[in-house]
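**Q** Got a structure for you, start-v2.cif, holding mmCIF, C-alpha atoms and all ligand atoms; chains and numbers go by the auth columns.
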```
data_upload
#
loop_
_atom_site.group_PDB
_atom_site.id
_atom_site.type_symbol
_atom_site.label_atom_id
_atom_site.label_comp_id
_atom_site.label_asym_id
_atom_site.label_seq_id
_atom_site.Cartn_x
_atom_site.Cartn_y
_atom_site.Cartn_z
_atom_site.B_iso_or_equiv
_atom_site.auth_seq_id
_atom_site.auth_asym_id
ATOM 1 C CA MET A 1 17.042 7.514 4.672 0.00 19 F
ATOM 2 C CA ALA A 2 16.493 11.051 3.392 0.00 20 F
ATOM 3 C CA VAL A 3 13.567 11.739 1.130 0.00 21 F
ATOM 4 C CA SER A 4 14.857 12.809 -2.267 0.00 22 F
ATOM 5 C CA ARG A 5 12.330 14.864 -4.143 0.00 23 F
ATOM 6 C CA GLY A 6 12.354 16.265 -7.634 0.00 24 F
ATOM 7 C CA ALA A 7 11.579 19.887 -8.403 0.00 25 F
ATOM 8 C CA ASP A 8 7.865 19.003 -8.534 0.00 26 F
ATOM 9 C CA GLY A 9 7.938 17.445 -5.037 0.00 27 F
ATOM 10 C CA ALA A 10 7.654 13.954 -6.481 0.00 28 F
ATOM 11 C CA MET A 11 9.747 11.068 -5.185 0.00 29 F
ATOM 12 C CA ARG A 12 10.849 8.220 -7.453 0.00 30 F
ATOM 13 C CA ILE A 13 10.172 4.818 -5.911 0.00 31 F
ATOM 14 C CA GLU A 14 10.881 1.201 -6.834 0.00 32 F
ATOM 15 C CA GLY A 15 9.003 -1.779 -5.541 0.00 33 F
ATOM 16 C CA GLY A 16 8.442 -5.484 -5.852 0.00 34 F
ATOM 17 C CA CYS A 17 6.984 -8.601 -4.291 0.00 35 F
ATOM 18 C CA HIS A 18 8.644 -10.931 -1.802 0.00 36 F
ATOM 19 C CA CYS A 19 9.654 -13.633 -4.325 0.00 37 F
ATOM 20 C CA GLY A 20 10.957 -11.167 -6.926 0.00 38 F
ATOM 21 C CA ALA A 21 8.577 -12.168 -9.748 0.00 39 F
ATOM 22 C CA ILE A 22 7.000 -8.681 -9.781 0.00 40 F
ATOM 23 C CA ALA A 23 8.938 -5.408 -9.999 0.00 41 F
ATOM 24 C CA PHE A 24 7.676 -1.896 -10.688 0.00 42 F
ATOM 25 C CA ALA A 25 8.557 1.777 -10.485 0.00 43 F
ATOM 26 C CA ALA A 26 6.569 4.989 -10.082 0.00 44 F
ATOM 27 C CA ALA A 27 6.659 8.493 -8.663 0.00 45 F
ATOM 28 C CA VAL A 28 4.708 9.434 -5.552 0.00 46 F
ATOM 29 C CA ASP A 29 3.955 12.475 -3.413 0.00 47 F
ATOM 30 C CA PRO A 30 5.520 11.659 0.009 0.00 48 F
ATOM 31 C CA ASP A 31 2.836 13.805 1.685 0.00 49 F
ATOM 32 C CA ASN A 32 0.105 11.498 0.400 0.00 50 F
ATOM 33 C CA VAL A 33 0.819 8.325 2.387 0.00 51 F
ATOM 34 C CA ARG A 34 -2.259 6.973 4.158 0.00 52 F
ATOM 35 C CA ILE A 35 -3.224 4.189 6.525 0.00 53 F
ATOM 36 C CA CYS A 36 -6.544 2.477 5.888 0.00 54 F
ATOM 37 C CA HIS A 37 -8.313 0.721 8.760 0.00 55 F
ATOM 38 C CA CYS A 38 -11.281 -0.541 6.711 0.00 56 F
ATOM 39 C CA THR A 39 -12.349 -4.151 7.190 0.00 57 F
ATOM 40 C CA ASP A 40 -11.579 -5.003 3.533 0.00 58 F
ATOM 41 C CA CYS A 41 -7.967 -3.873 3.986 0.00 59 F
ATOM 42 C CA GLN A 42 -7.710 -5.909 7.192 0.00 60 F
ATOM 43 C CA THR A 43 -8.840 -9.060 5.363 0.00 61 F
ATOM 44 C CA LEU A 44 -6.972 -8.446 2.104 0.00 62 F
ATOM 45 C CA THR A 45 -3.676 -7.807 3.920 0.00 63 F
ATOM 46 C CA GLY A 46 -4.207 -10.469 6.558 0.00 64 F
ATOM 47 C CA SER A 47 -3.094 -7.771 8.963 0.00 65 F
ATOM 48 C CA ALA A 48 -4.406 -4.963 11.180 0.00 66 F
ATOM 49 C CA TYR A 49 -4.418 -2.179 8.561 0.00 67 F
ATOM 50 C CA ARG A 50 -2.962 -1.209 5.207 0.00 68 F
ATOM 51 C CA ALA A 51 -0.551 1.614 4.309 0.00 69 F
ATOM 52 C CA ASN A 52 -0.883 3.020 0.781 0.00 70 F
ATOM 53 C CA VAL A 53 0.546 5.741 -1.406 0.00 71 F
ATOM 54 C CA PRO A 54 -0.948 6.612 -4.807 0.00 72 F
ATOM 55 C CA ALA A 55 1.300 6.649 -7.868 0.00 73 F
ATOM 56 C CA LEU A 56 1.258 10.059 -9.540 0.00 74 F
ATOM 57 C CA ALA A 57 -0.774 9.992 -12.751 0.00 75 F
ATOM 58 C CA GLY A 58 0.984 8.243 -15.617 0.00 76 F
ATOM 59 C CA THR A 59 4.081 7.230 -13.611 0.00 77 F
ATOM 60 C CA PHE A 60 3.386 3.581 -12.727 0.00 78 F
ATOM 61 C CA VAL A 61 5.519 1.177 -14.799 0.00 79 F
ATOM 62 C CA LEU A 62 5.451 -2.603 -14.386 0.00 80 F
ATOM 63 C CA ARG A 63 9.061 -3.726 -14.946 0.00 81 F
ATOM 64 C CA ARG A 64 8.773 -7.474 -14.403 0.00 82 F
ATOM 65 C CA GLY A 65 6.093 -10.110 -14.025 0.00 83 F
ATOM 66 C CA ALA A 66 2.326 -10.213 -14.380 0.00 84 F
ATOM 67 C CA PRO A 67 0.248 -9.711 -11.243 0.00 85 F
ATOM 68 C CA LYS A 68 -2.970 -11.635 -10.770 0.00 86 F
ATOM 69 C CA ILE A 69 -6.050 -9.407 -10.463 0.00 87 F
ATOM 70 C CA TYR A 70 -8.884 -9.808 -7.988 0.00 88 F
ATOM 71 C CA VAL A 71 -11.801 -7.457 -8.692 0.00 89 F
ATOM 72 C CA LYS A 72 -13.348 -6.323 -5.443 0.00 90 F
ATOM 73 C CA THR A 73 -16.871 -4.884 -5.378 0.00 91 F
ATOM 74 C CA ALA A 74 -17.338 -2.395 -2.545 0.00 92 F
ATOM 75 C CA GLU A 75 -20.541 -1.878 -0.542 0.00 93 F
ATOM 76 C CA SER A 76 -21.087 1.210 -2.727 0.00 94 F
ATOM 77 C CA GLY A 77 -20.910 -0.955 -5.869 0.00 95 F
ATOM 78 C CA THR A 78 -17.553 0.472 -6.940 0.00 96 F
ATOM 79 C CA ARG A 79 -15.374 -2.190 -8.526 0.00 97 F
ATOM 80 C CA ARG A 80 -11.634 -2.035 -8.052 0.00 98 F
ATOM 81 C CA ALA A 81 -8.777 -4.208 -9.310 0.00 99 F
ATOM 82 C CA HIS A 82 -6.538 -5.610 -6.573 0.00 100 F
ATOM 83 C CA ALA A 83 -3.238 -6.907 -7.962 0.00 101 F
ATOM 84 C CA PHE A 84 -1.072 -9.457 -6.192 0.00 102 F
ATOM 85 C CA CYS A 85 1.836 -11.740 -7.041 0.00 103 F
ATOM 86 C CA PRO A 86 0.511 -15.149 -8.212 0.00 104 F
ATOM 87 C CA GLU A 87 3.643 -16.847 -6.822 0.00 105 F
ATOM 88 C CA CYS A 88 4.072 -15.377 -3.330 0.00 106 F
ATOM 89 C CA GLY A 89 0.776 -13.552 -2.743 0.00 107 F
ATOM 90 C CA THR A 90 2.282 -10.137 -1.978 0.00 108 F
ATOM 91 C CA PRO A 91 -0.324 -7.375 -2.534 0.00 109 F
ATOM 92 C CA ILE A 92 1.090 -4.969 -5.165 0.00 110 F
ATOM 93 C CA TYR A 93 -1.528 -2.296 -5.882 0.00 111 F
ATOM 94 C CA SER A 94 -5.192 -1.559 -6.291 0.00 112 F
ATOM 95 C CA ALA A 95 -6.398 0.352 -9.330 0.00 113 F
ATOM 96 C CA THR A 96 -9.501 1.897 -10.808 0.00 114 F
ATOM 97 C CA LEU A 97 -10.918 -0.127 -13.693 0.00 115 F
ATOM 98 C CA GLY A 98 -11.110 2.947 -15.958 0.00 116 F
ATOM 99 C CA GLU A 99 -8.550 4.186 -18.471 0.00 117 F
ATOM 100 C CA PRO A 100 -6.137 5.500 -17.551 0.00 118 F
ATOM 101 C CA ALA A 101 -6.058 3.523 -14.321 0.00 119 F
ATOM 102 C CA SER A 102 -4.838 5.206 -11.141 0.00 120 F
ATOM 103 C CA TYR A 103 -2.719 3.010 -8.888 0.00 121 F
ATOM 104 C CA SER A 104 -2.627 2.808 -5.113 0.00 122 F
ATOM 105 C CA LEU A 105 0.711 1.233 -4.155 0.00 123 F
ATOM 106 C CA ARG A 106 1.198 -0.917 -1.057 0.00 124 F
ATOM 107 C CA LEU A 107 3.777 0.762 1.143 0.00 125 F
ATOM 108 C CA GLY A 108 5.447 -2.454 2.333 0.00 126 F
ATOM 109 C CA THR A 109 6.488 -3.347 -1.230 0.00 127 F
ATOM 110 C CA LEU A 110 8.438 -0.088 -1.760 0.00 128 F
ATOM 111 C CA LYS A 111 12.207 0.061 -1.221 0.00 129 F
ATOM 112 C CA GLU A 112 11.821 3.647 0.038 0.00 130 F
ATOM 113 C CA ARG A 113 9.111 2.754 2.574 0.00 131 F
ATOM 114 C CA ALA A 114 11.101 3.926 5.622 0.00 132 F
ATOM 115 C CA SER A 115 11.045 7.474 4.189 0.00 133 F
ATOM 116 C CA LEU A 116 7.329 7.462 3.452 0.00 134 F
ATOM 117 C CA VAL A 117 5.540 8.466 6.647 0.00 135 F
ATOM 118 C CA PRO A 118 1.728 8.285 6.756 0.00 136 F
ATOM 119 C CA LYS A 119 -0.019 11.637 7.129 0.00 137 F
ATOM 120 C CA ARG A 120 -3.610 10.438 7.473 0.00 138 F
ATOM 121 C CA GLN A 121 -5.605 7.456 8.815 0.00 139 F
ATOM 122 C CA ILE A 122 -8.964 6.628 7.257 0.00 140 F
ATOM 123 C CA TRP A 123 -11.864 4.309 8.232 0.00 141 F
ATOM 124 C CA CYS A 124 -10.851 4.662 11.891 0.00 142 F
ATOM 125 C CA ARG A 125 -14.340 3.547 12.942 0.00 143 F
ATOM 126 C CA SER A 126 -13.346 -0.034 12.074 0.00 144 F
ATOM 127 C CA ALA A 127 -9.778 0.184 13.391 0.00 145 F
ATOM 128 C CA LEU A 128 -8.702 -2.585 15.756 0.00 146 F
ATOM 129 C CA PRO A 129 -8.544 -0.780 19.117 0.00 147 F
ATOM 130 C CA TRP A 130 -4.967 -1.849 19.865 0.00 148 F
ATOM 131 C CA ALA A 131 -3.749 -0.798 16.409 0.00 149 F
ATOM 132 C CA MET A 132 -4.284 2.879 17.227 0.00 150 F
ATOM 133 C CA ASP A 133 -1.497 2.867 19.827 0.00 151 F
ATOM 134 C CA LEU A 134 1.348 0.331 19.853 0.00 152 F
ATOM 135 C CA HIS A 135 3.336 2.097 22.573 0.00 153 F
ATOM 136 C CA MET A 136 2.112 -0.132 25.393 0.00 154 F
ATOM 137 C CA ILE A 137 2.991 -3.403 23.634 0.00 155 F
ATOM 138 C CA GLU A 138 6.304 -4.918 24.733 0.00 156 F
ATOM 139 C CA LYS A 139 9.120 -4.402 22.178 0.00 157 F
ATOM 140 C CA PHE A 140 12.070 -6.546 21.066 0.00 158 F
ATOM 141 C CA ASP A 141 14.710 -5.607 18.439 0.00 159 F
ATOM 142 C CA ARG A 142 14.477 -9.146 17.039 0.00 160 F
ATOM 143 C CA GLN A 143 12.090 -12.005 17.661 0.00 161 F
HETATM 144 ZN ZN ZN B . 6.136 -12.731 -5.734 0.00 1 O
HETATM 145 ZN ZN ZN B . -9.141 0.046 3.234 0.00 2 O
#
```
Re-express the file's structure as structure tokens.
**A**
Amino acid sequence: MAVSRGADGAMRIEGGCHCGAIAFAAAVDPDNVRICHCTDCQTLTGSAYRANVPALAGTFVLRRGAPKIYVKTAESGTRRAHAFCPECGTPIYSATLGEPASYSLRLGTLKERASLVPKRQIWCRSALPWAMDLHMIEKFDRQ
């Protein structure tokens, strides 16, 4: 899928949770996709790492549903709202608690995710060793 960008380099995206209760739209910078290997992301995703892209300021619009919010307090004391679907548990975004909030969208919930390629990996010191290189793991097109 080709990346379609506006004149400002922004890409319009649409997203939602697995059960369909939550739907949203935003604009993102496709060069700002990141993978986070921190231990909080491992636990909160139930997976090896998280892929995120921030919504450009003022572009996030919730179109359907009401996510449940979990406020996470970081080691640094920073508090951050983590939104997820109360029906199916899909992580939707994290956001600053200030106004206006800035939203970090979860890549796997975006319809355009195949066009959004990560450019940076952070918190690599806590990365699971195997997650840094999947090439050696046996591959199947389906299960
Ligand atoms: Zn859902
Ligand atoms: Zn993280």
**Q** So what do you get for CA of Arg23 in chain F versus CA of Glu117 in chain F, distance-wise?
**A**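 CA of Arg23 in chain F sits 27.5 Å away from CA of Glu117 in chain F.
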**Q** So which residues are close to (0.4, -8.2, -16.6), meaning at most 12 Å away in the file's coordinates with all atoms listed in the file counted, and can you show them as a PyMOL selection string?
**A** chain F and resi 39-42+79-87+101-104+110
**Q** Residues as selected, C-alpha atoms, written as an mmCIF file, in the coordinates of the input, can you do that?
**A**
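So the final result, stored in selection33.cif, reads:
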```cif
data_model
loop_
_atom_site.group_PDB
_atom_site.id
_atom_site.type_symbol
_atom_site.label_atom_id
_atom_site.label_comp_id
_atom_site.auth_asym_id
_atom_site.auth_seq_id
_atom_site.Cartn_x
_atom_site.Cartn_y
_atom_site.Cartn_z
ATOM 1 C CA ALA F 39 8.577 -12.168 -9.748
ATOM 2 C CA ILE F 40 7.000 -8.681 -9.781
ATOM 3 C CA ALA F 41 8.938 -5.408 -9.999
ATOM 4 C CA PHE F 42 7.676 -1.896 -10.688
ATOM 5 C CA VAL F 79 5.519 1.177 -14.799
ATOM 6 C CA LEU F 80 5.451 -2.603 -14.386
ATOM 7 C CA ARG F 81 9.061 -3.726 -14.946
ATOM 8 C CA ARG F 82 8.773 -7.474 -14.403
ATOM 9 C CA GLY F 83 6.093 -10.110 -14.025
ATOM 10 C CA ALA F 84 2.326 -10.213 -14.380
ATOM 11 C CA PRO F 85 0.248 -9.711 -11.243
ATOM 12 C CA LYS F 86 -2.970 -11.635 -10.770
ATOM 13 C CA ILE F 87 -6.050 -9.407 -10.463
ATOM 14 C CA ALA F 101 -3.238 -6.907 -7.962
ATOM 15 C CA PHE F 102 -1.072 -9.457 -6.192
ATOM 16 C CA CYS F 103 1.836 -11.740 -7.041
ATOM 17 C CA PRO F 104 0.511 -15.149 -8.212
ATOM 18 C CA ILE F 110 1.090 -4.969 -5.165
#
```
**Q** Which residues of chain F sit at most 8 Å from ligand ZN 2 (chain O), using only C-alpha atoms and all ligand atoms? Give each one's shortest atom pair and distance in Å (one decimal place), in chain and ascending residue order, as a tab-separated table.
**A**
```
residue	atom	partner	partner_atom	distance
F:Ile53	CA	O:ZN2	ZN	7.9
F:Cys54	CA	O:ZN2	ZN	4.4
F:His55	CA	O:ZN2	ZN	5.6
F:Cys56	CA	O:ZN2	ZN	4.1
F:Thr57	CA	O:ZN2	ZN	6.6
F:Asp58	CA	O:ZN2	ZN	5.6
F:Cys59	CA	O:ZN2	ZN	4.2
F:Gln60	CA	O:ZN2	ZN	7.3
F:Tyr67	CA	O:ZN2	ZN	7.5
F:Arg68	CA	O:ZN2	ZN	6.6
F:Ile140	CA	O:ZN2	ZN	7.7
F:Trp141	CA	O:ZN2	ZN	7.1
```
**Q** Go through chain F residue by residue and, counting all atoms listed in the file, keep those with an atom at most 6 Å from ligand ZN 1 (chain O); for each kept residue give the shortest atom pair and its distance in Å to one decimal, ordered by chain and increasing number, as CSV.
**A**
```
residue,atom,partner,partner_atom,distance
F:Cys35,CA,O:ZN1,ZN,4.5
F:His36,CA,O:ZN1,ZN,5.0
F:Cys37,CA,O:ZN1,ZN,3.9
F:Gly38,CA,O:ZN1,ZN,5.2
F:Ala39,CA,O:ZN1,ZN,4.7
F:Ile40,CA,O:ZN1,ZN,5.8
F:Cys103,CA,O:ZN1,ZN,4.6
F:Glu105,CA,O:ZN1,ZN,4.9
F:Cys106,CA,O:ZN1,ZN,4.1
F:Thr108,CA,O:ZN1,ZN,6.0
```
**Q** What does the distance from CA of Gly95 in chain F to CA of Ala66 in chain F come to in Å, to one decimal?
**A**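 About the pair CA of Gly95 in chain F and CA of Ala66 in chain F: they are 24.1 Å apart.
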**Q** Near Val135 in chain F, counting only C-alpha atoms, which residues have an atom at most 7 Å away, once you skip same-chain residues fewer than 2 positions from it, shown as a ChimeraX atom specification?
**A** /F:51,133,137
**Q** Need the neighbours of (10.5, 0.2, -7.6): which residues are at most 8 Å away, counting only C-alpha atoms, as a VMD selection string?
**A** chain F and resid 31 to 34 41 to 44 128 to 129
**Q** Which neighbours of Arg98 in chain F fall inside 10 Å, counting all atoms listed in the file, when residues of the same chain fewer than 2 positions from it are skipped, and could you give them as a PyMOL selection string?
**A** chain F and resi 87-92+95-96+100-101+112-116
**Q** Okay, now the selection with C-alpha atoms, as a PDB file, in the frame of the given file?
**A**
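In the end it all went to part13.pdb:
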```pdb
ATOM      1  CA  ILE F  87      -6.050  -9.407 -10.463  1.00  0.00           C
ATOM      2  CA  TYR F  88      -8.884  -9.808  -7.988  1.00  0.00           C
ATOM      3  CA  VAL F  89     -11.801  -7.457  -8.692  1.00  0.00           C
ATOM      4  CA  LYS F  90     -13.348  -6.323  -5.443  1.00  0.00           C
ATOM      5  CA  THR F  91     -16.871  -4.884  -5.378  1.00  0.00           C
ATOM      6  CA  ALA F  92     -17.338  -2.395  -2.545  1.00  0.00           C
ATOM      7  CA  GLY F  95     -20.910  -0.955  -5.869  1.00  0.00           C
ATOM      8  CA  THR F  96     -17.553   0.472  -6.940  1.00  0.00           C
ATOM      9  CA  HIS F 100      -6.538  -5.610  -6.573  1.00  0.00           C
ATOM     10  CA  ALA F 101      -3.238  -6.907  -7.962  1.00  0.00           C
ATOM     11  CA  SER F 112      -5.192  -1.559  -6.291  1.00  0.00           C
ATOM     12  CA  ALA F 113      -6.398   0.352  -9.330  1.00  0.00           C
ATOM     13  CA  THR F 114      -9.501   1.897 -10.808  1.00  0.00           C
ATOM     14  CA  LEU F 115     -10.918  -0.127 -13.693  1.00  0.00           C
ATOM     15  CA  GLY F 116     -11.110   2.947 -15.958  1.00  0.00           C
TER      16      GLY F 116
END
```
**Q** I need the output of the PyMOL selection byres (((chain F and resi 28) around 9) and not hetatm) for this file as an MDAnalysis selection string; which residues are they?
**A** chainID F and resid 22:27 29:30 45:48 74
**Q** Find the distance between CA of Glu130 in chain F and CA of Ala145 in chain F and write it in Å to one decimal.
**A**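 So the answer is 25.6 Å.
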**Q** Which polymer residues have any atom within 10 Å of an atom of Asn50 in chain F, counting all atoms listed in the file, with same-chain residues fewer than 6 positions away left out, as a list in words?
**A**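 Those residues are Asn70, Val71, Pro72, Ala73, Leu134, Val135, Pro136, Lys137 and Arg138 of chain F.
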**Q** Have a look at F:Ala69, F:Leu146, F:Ala75, F:Ile155 and name the one nearest to Thr127 in chain F; count only C-alpha atoms.
**A**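 The closest residue to Thr127 in chain F is F:Ala69.
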**Q** With distances taken over all atoms listed in the file, which of F:Arg97, F:Arg131, F:His153, F:Arg124 is nearest to Thr63 in chain F?
**A**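 So, comparing all the options, the nearest one is F:Arg124.
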